[in-house]
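*Asks:* Dropping the structure in here first, questions after.
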Amino acid sequence: MRIGFRLLFSLALCGGLAASGAQAQGNVTDLSIALYAANPEAPAPPANWEVYRIVREKLGINLKFTMLPTGADGDNRLGALAAANDLPDLFEVRSLALFDRLVQQGQLAPVNSLLSQMPKRSAERYSDARRNLLVTTNGQIYGFQEPVTLSRQYGIWVRKDWLEKLGLKAPTTLEEFFEVAKAFTERDPDGNGRNDTYGFAGVIDFDTAGILPGLGLGNHFQWVYGAYGVAGTWNYNPKAFAANVREANFRKATEYIRRLVEARVIDPDWATMRRADLRTRWQQGRYGMFFESVGGLQAGLQNFHANNPNAELLLLPPPKGPEGKSSMGTYSSAGWLYAVSKRAMDTGKGTAIARFLEWAHSGEGYFLLGWGRYKTDYTLPNNVPTINTQIPISVRGSYTQMRWLAFNGNPLEMRGRYPEITVGGRKYVMHQLMAQAQRQGNWIDRTGDLVVKAATNQADIERYVSENLVQFALGQRPINDSSWNQFLSGLRNVRFEQYEAAAEKVLKESGYLK
Amino acid sequence: MNPAYPSKPAPQWRQSLKHLARSVWRHRVLYLMLLPGLLYFLIFRYWPLWNAQIAFRDFQPTLGVWGSPWVGLQHFLEFFNSYYFSQLLVNTLVISVAKIALGIPPAILLAIALHETSRRFLSRAVQTMSYLPHFLSWVIVYGILLAMLSPSEGLINSGLRALGLEPVPFLTSTATFQPVVVLSEVWKETGWSAILFLAALLSINPALYEAAAIDGASRWQQVRHISLPGIVDVLVLVVLLKIGSILDAGFHQIFVLYSLPVYSVGDIIDTWVYRQGIQNFQFSLATAVGLFKGVIGLVLIVVANRLARRFVGTGLY
């Protein structure tokens, strides 16, 4: 009896404590955030991550962070969550097709009212009316459209040591590029007595991070189309707007790629290789020239110099075409995009979202999310965040998985992200290389491309154009007037005119085509 | 006084029900074992059929399956009117039929060879090695194929070059892509498929072989007249099941192996659905194509089963 009474008393006490705990949690808002992994090579932050505690104590937010896989897998995961009407409160969107669909289906909340609740962040990131137009429908802003912090980071890298060995100069025109590529392929630049090198390598890649691939063969061959003045999907000619694929020079650029293929100066696996394969092979020292980002180069330098002790790399300006034109490709001034689910706004989480984003923008939040644990993951000599490379990325990367929410692209940040490093006895000032890639690339701003909505048969359109171009480039189809005209007239079969007309209309309406 | 009528016997259905309940109770342990499998089919196979109605609706997650507006056959027509529809269908059927036609005979041969060998150790070692590839993901197999077939550094092309021959772009040539797909599938799955046939062979009464041997039958005659007829039931079963999923030509494999140069011979219904339906978030379209494939599969399996019962004397049901 006495035991039973004690048990009853204990239960009542526990109930009371639980009730008071729940009352204390009354001001804590549950907030689910889903972002693409900033460091795919590292796992999600651990449960005892100090950010969870700080955000709870200082902001009154019970943060639940989910990491999305990068690439199409992450887009598909979000798409599945959307289909189940179970979107996170705040999430990153990389697929514009998904973004448009979510707006149409009413799953996103307008964020206009939140901008004034995070004054510093809004002033520095979301005050560009033109950029906000990219995510505006019927006067409502449906996402936090960040300015780009990292773009135009790609370029063609050439083996300077091979150039010197063969007595060649860095190519400046398409013709010189061809000759150098031929020499790198045929004159045994690595001196191993084997015919195992190629002049150039790139892959069919449609990465949209800081670069816009355009319709066709993707990012790695845009420099050829740029040399003929037809980089990107659209010509942006207000008097005769059309897709670049219709331009006569587009055919000439494709013919040049075919010439590289037929002369066997390009890795014959280019049409099937993935970016990872390309990286493995340039690090092995198999290419005289290759297309790569500054970040990709930085990650591979250690291996590269281990395999090629005396190697030296040079960043090429885009080669000039017959009319003196050149461009490494197209890019957009819009960066990451974050959206708020309608459900989150309806349940009153908007204020908590604004509070969290403002915290992440500067000061404590910026450093915790962007750089990790102070004095463990990074230090701050001369105010430059300096990563502690003694801790492997697979470990420190966990603590910066939300860094894109924090980063803003200021010069100190760029110096920290792209530091000066010495590998294989050679010094690389990565942020200078980044600036060089951006400056000398003659990149073309095609932010307007982002307002063009995907056609209902977008997959067929993309396949038609890309497949035909790759067949022309590989020599599977002859390139002559008849075959090219047949290709162009076939665009009608995938309703390309309607796609073009819709693009022209929306570009004019949004002011990108005047 | 009213005449005494005999009491009304219980209705037939009630008696049957009682009989059934008694029977179920008697075999309750068996039914309990059946339950998880039954639940699996109910939850993961039959319940989704209810949601398949989004194939006829413009699915809006906020409105739910039931509240989304009807659009009739719009998504089916979109698929049928796709520029690549006929090519997708042909590629799917060619690859699928080739996998069945070229995949089953090696599995039967391997099973017979393993069954016939008198060296137990050798038999087990070969069996283990032959079904190991089944457990490799297609991404790994892609790596192996690239190492073998790459024009720049592949083993086979290095051999061709050493012989003074031109390298063959196996993975980017429209002439060689389908054979690569089919043969890599055969290589990966032959050992695994052989297990079923081996089980069928092991269930043949050994007395038949002993009697045949006494009658002077050679090993080849024993295989031809005892082993092969002994596995016909399993063969029919396997073929019928494969016919039922004939429009599944192997999404994972093709998705990993194909590239732009070979879309004309490698793009199949499922890869198109992935690009157009999943990546463009047109879930109703993806469901419509899934339903189309299911209906075609059902029709084929019914027809093939009837044919099998008529000509071979055995079937799936």
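Identifiers in this document derive from the order of the structure tokens: chains are assigned A, B, ..., residues are numbered from 1 separately in each chain, and ligands are numbered from 1 in order of occurrence.
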Show me, as a PyMOL selection string, the residues that have an atom within 7 Å of segment 267-281 of chain B when counting only C-alpha atoms, minus same-chain residues fewer than 5 positions from it.

*Replies:* (chain A and resi 76+79+97-98+459) or (chain B and resi 88-89+91-92+251+255+286)

*Asks:* Set out as JSON lines a contact list for chain A and chain B with a cut-off of 7 Å, giving each residue of chain A that qualifies its closest atom pair and distance in Å to one decimal, counting only C-alpha atoms, ordered by chain and rising residue number.

*Replies:*
{"residue": "A:Asn76", "atom": "CA", "partner": "B:Gln279", "partner_atom": "CA", "distance": 6.6}
{"residue": "A:Gly79", "atom": "CA", "partner": "B:Phe281", "partner_atom": "CA", "distance": 6.3}
{"residue": "A:Ala82", "atom": "CA", "partner": "B:Pro61", "partner_atom": "CA", "distance": 6.8}
{"residue": "A:Ala83", "atom": "CA", "partner": "B:Pro61", "partner_atom": "CA", "distance": 5.2}
{"residue": "A:Ala84", "atom": "CA", "partner": "B:Pro61", "partner_atom": "CA", "distance": 6.2}
{"residue": "A:Asn85", "atom": "CA", "partner": "B:Pro61", "partner_atom": "CA", "distance": 5.2}
{"residue": "A:Ala97", "atom": "CA", "partner": "B:Asn280", "partner_atom": "CA", "distance": 6.0}
{"residue": "A:Leu98", "atom": "CA", "partner": "B:Phe281", "partner_atom": "CA", "distance": 6.4}
{"residue": "A:Gln105", "atom": "CA", "partner": "B:Gln60", "partner_atom": "CA", "distance": 6.1}
{"residue": "A:Gln107", "atom": "CA", "partner": "B:Thr62", "partner_atom": "CA", "distance": 6.9}
{"residue": "A:Asp267", "atom": "CA", "partner": "B:Ser152", "partner_atom": "CA", "distance": 6.8}
{"residue": "A:Pro268", "atom": "CA", "partner": "B:Ser152", "partner_atom": "CA", "distance": 6.0}
{"residue": "A:Asp269", "atom": "CA", "partner": "B:Pro151", "partner_atom": "CA", "distance": 6.6}
{"residue": "A:Thr272", "atom": "CA", "partner": "B:Ser259", "partner_atom": "CA", "distance": 5.8}
{"residue": "A:Ala459", "atom": "CA", "partner": "B:Gln276", "partner_atom": "CA", "distance": 5.2}
{"residue": "A:Ser466", "atom": "CA", "partner": "B:Leu260", "partner_atom": "CA", "distance": 6.9}
{"residue": "A:Glu467", "atom": "CA", "partner": "B:Leu260", "partner_atom": "CA", "distance": 5.1}
{"residue": "A:Val470", "atom": "CA", "partner": "B:Pro261", "partner_atom": "CA", "distance": 5.9}
{"residue": "A:Gln471", "atom": "CA", "partner": "B:Pro261", "partner_atom": "CA", "distance": 5.8}
{"residue": "A:Asn493", "atom": "CA", "partner": "B:Tyr83", "partner_atom": "CA", "distance": 6.6}
{"residue": "A:Val494", "atom": "CA", "partner": "B:Tyr83", "partner_atom": "CA", "distance": 6.3}

*Asks:* Residues at most 10 Å from Leu297 of chain A, counting only C-alpha atoms, excluding those fewer than 6 positions away in the same chain, as a PyMOL selection string?

*Replies:* chain A and resi 154+157+279+282-283+291+304+313+430

*Asks:* Atom CA of Ala34 of chain A and atom CA of Ser398 of chain A, how far apart in Å?

*Replies:*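 Interatomic distance here is 14.6 Å.
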
*Asks:* To test your reading of the structure, identify every residue in segment 102-263 of chain A that backbone DSSP assigns to strand (DSSP E or B), and report it as a PyMOL selection string.

*Replies:* chain A and resi 108+136-137+140-141+144-147+154-159+173+198-201+205+212+218+234+243

*Asks:* Could the residues in this selection be written to a file with C-alpha atoms, as a short mmCIF file (atom, residue, chain, number, x, y, z; two decimals), in the first residue's frame?

*Replies:*
data_model
loop_
_atom_site.label_atom_id
_atom_site.label_comp_id
_atom_site.auth_asym_id
_atom_site.auth_seq_id
_atom_site.Cartn_x
_atom_site.Cartn_y
_atom_site.Cartn_z
CA LEU A 108 5.78 28.01 -51.00
CA THR A 136 8.73 36.88 -58.02
CA THR A 137 5.30 35.76 -59.16
CA GLN A 140 5.10 38.15 -54.35
CA ILE A 141 8.70 37.11 -53.64
CA PHE A 144 15.47 34.33 -50.65
CA GLN A 145 17.54 34.74 -53.80
CA GLU A 146 21.16 35.16 -52.73
CA PRO A 147 23.69 37.05 -54.83
CA TYR A 154 36.28 27.45 -64.24
CA GLY A 155 39.04 27.64 -66.82
CA ILE A 156 41.36 25.72 -69.11
CA TRP A 157 44.58 24.70 -67.38
CA VAL A 158 47.69 23.97 -69.42
CA ARG A 159 50.83 22.08 -68.46
CA THR A 173 43.61 31.15 -80.64
CA TYR A 198 46.13 13.67 -74.73
CA GLY A 199 46.10 17.31 -75.67
CA PHE A 200 42.80 18.19 -74.03
CA ALA A 201 40.04 16.72 -71.90
CA ASP A 205 28.78 18.36 -67.71
CA LEU A 212 25.39 28.17 -66.83
CA GLY A 218 27.55 21.47 -71.39
CA TRP A 234 20.00 32.18 -76.35
CA ALA A 243 18.39 29.97 -79.75
#

*Asks:* Could you check how far atom CA of Arg439 of chain A sits from atom CA of Ala253 of chain A, in Å to one decimal?

*Replies:* 23.3 Å

*Asks:* Taking 4 positions as the minimum chain separation for residues in the same chain, which residues sit within 9 Å of Lys342 of chain A when counting only C-alpha atoms? Answer as a list of chain:residue names.

*Replies:*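 Here the qualifying residues turn out to be A:Leu87, A:Asp89, A:Gly106, A:Gln107, A:Leu108, A:Ala109, A:Pro110, A:Asp346, A:Thr347.
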
*Asks:* Using only N, CA and C atoms, please write the residues we just selected to a file, as a tab-separated table (two decimals), in the first residue's frame.

*Replies:*
chain	number	residue	atom	x	y	z
A	87	LEU	N	7.19	19.30	-46.97
A	87	LEU	CA	8.43	20.07	-47.16
A	87	LEU	C	8.95	20.60	-45.83
A	89	ASP	N	10.63	23.40	-43.21
A	89	ASP	CA	10.20	24.79	-43.03
A	89	ASP	C	11.00	25.73	-43.92
A	106	GLY	N	1.32	26.15	-54.93
A	106	GLY	CA	1.01	26.83	-53.67
A	106	GLY	C	1.69	26.23	-52.46
A	107	GLN	N	2.83	25.59	-52.66
A	107	GLN	CA	3.52	24.99	-51.50
A	107	GLN	C	4.55	25.92	-50.88
A	108	LEU	N	4.81	27.05	-51.54
A	108	LEU	CA	5.78	28.01	-51.00
A	108	LEU	C	5.05	29.23	-50.46
A	109	ALA	N	5.67	29.83	-49.46
A	109	ALA	CA	5.09	31.04	-48.88
A	109	ALA	C	5.82	32.26	-49.43
A	110	PRO	N	5.10	33.35	-49.69
A	110	PRO	CA	5.79	34.59	-50.03
A	110	PRO	C	6.62	35.03	-48.82
A	346	ASP	N	2.26	29.34	-42.32
A	346	ASP	CA	0.92	29.24	-41.75
A	346	ASP	C	0.95	28.90	-40.26
A	347	THR	N	1.99	28.15	-39.85
A	347	THR	CA	2.05	27.76	-38.44
A	347	THR	C	2.89	28.77	-37.63

*Asks:* From the options B:Leu109, B:Val141, B:Ile246, B:Ile204, which residue's atoms come nearest to Gly230 of chain B, counting only C-alpha atoms?

*Replies:*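 Closest to Gly230 of chain B, using only C-alpha atoms: B:Ile204.
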
*Asks:* Applying 10 Å and only C-alpha atoms, which residues near segment 56-61 of chain A remain after dropping the ones on its own chain fewer than 2 positions away? List them as number ranges by chain.

*Replies:* A: 25-32, 50-54, 63-64, 349, 352-353, 355-356, 359

*Asks:* Smallest atom-to-atom distance to Gly294 of chain B: which of B:Ala125, B:Leu163, B:Trp138, B:Gly244, using only C-alpha atoms?

*Replies:*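 Checking each candidate against Gly294 of chain B, we get B:Gly244 as the closest.
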
*Asks:* Show which residues sit within 12 Å of Met414 of chain A, as a PyMOL selection string. Count only C-alpha atoms, and ignore same-chain residues fewer than 5 positions away.

*Replies:* chain A and resi 149-151+295+370+384-386+407-409+419-420+429-435

*Asks:* Where does DSSP see alpha helix (DSSP H) in segment 169-363 of chain A, if you list the residues as a ChimeraX atom specification?

*Replies:* /A:174-186,222-227,248-262,275-284,294-307,342-346,350-361,363

*Asks:* Mind pulling up the distance from atom CA of Phe496 of chain A to atom CA of Asn235 of chain A?

*Replies:* 15.0 Å

*Asks:* If you count only C-alpha atoms, which residues fall within 10 Å of Leu202 of chain B, apart from same-chain ones fewer than 2 positions away, as a PDB file with C-alpha atoms, in the first residue's frame?

*Replies:*
ATOM      1  CA  ALA B 111      23.095 -25.268 -63.677  1.00  0.00           C
ATOM      2  CA  HIS B 115      24.759 -30.599 -61.443  1.00  0.00           C
ATOM      3  CA  LEU B 196      16.632 -21.769 -59.549  1.00  0.00           C
ATOM      4  CA  PHE B 197      17.442 -24.268 -62.286  1.00  0.00           C
ATOM      5  CA  LEU B 198      19.923 -26.036 -60.046  1.00  0.00           C
ATOM      6  CA  ALA B 199      17.236 -26.397 -57.387  1.00  0.00           C
ATOM      7  CA  ALA B 200      14.918 -27.865 -60.018  1.00  0.00           C
ATOM      8  CA  ILE B 204      14.606 -34.757 -59.914  1.00  0.00           C
ATOM      9  CA  ASN B 205      14.370 -38.267 -58.561  1.00  0.00           C
ATOM     10  CA  PRO B 206      17.892 -39.841 -58.708  1.00  0.00           C
ATOM     11  CA  SER B 227      17.431 -33.145 -66.768  1.00  0.00           C
ATOM     12  CA  GLY B 230      12.769 -31.989 -65.375  1.00  0.00           C
ATOM     13  CA  ILE B 231      13.294 -28.266 -65.362  1.00  0.00           C
TER      14      ILE B 231
END

*Asks:* Which is closer to Ala231 of chain A than all the others in A:Gly191, A:Gly329, A:Gly425, A:Gly321, using only C-alpha atoms?

*Replies:*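 Ranked by minimum distance to Ala231 of chain A, first place goes to A:Gly329.
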
*Asks:* Could you check which of B:Leu77, B:Leu32, B:Val168, B:Val312 is closest to Leu155 of chain B, using only C-alpha atoms?

*Replies:*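 Closest residue, counting only C-alpha atoms: B:Val168.
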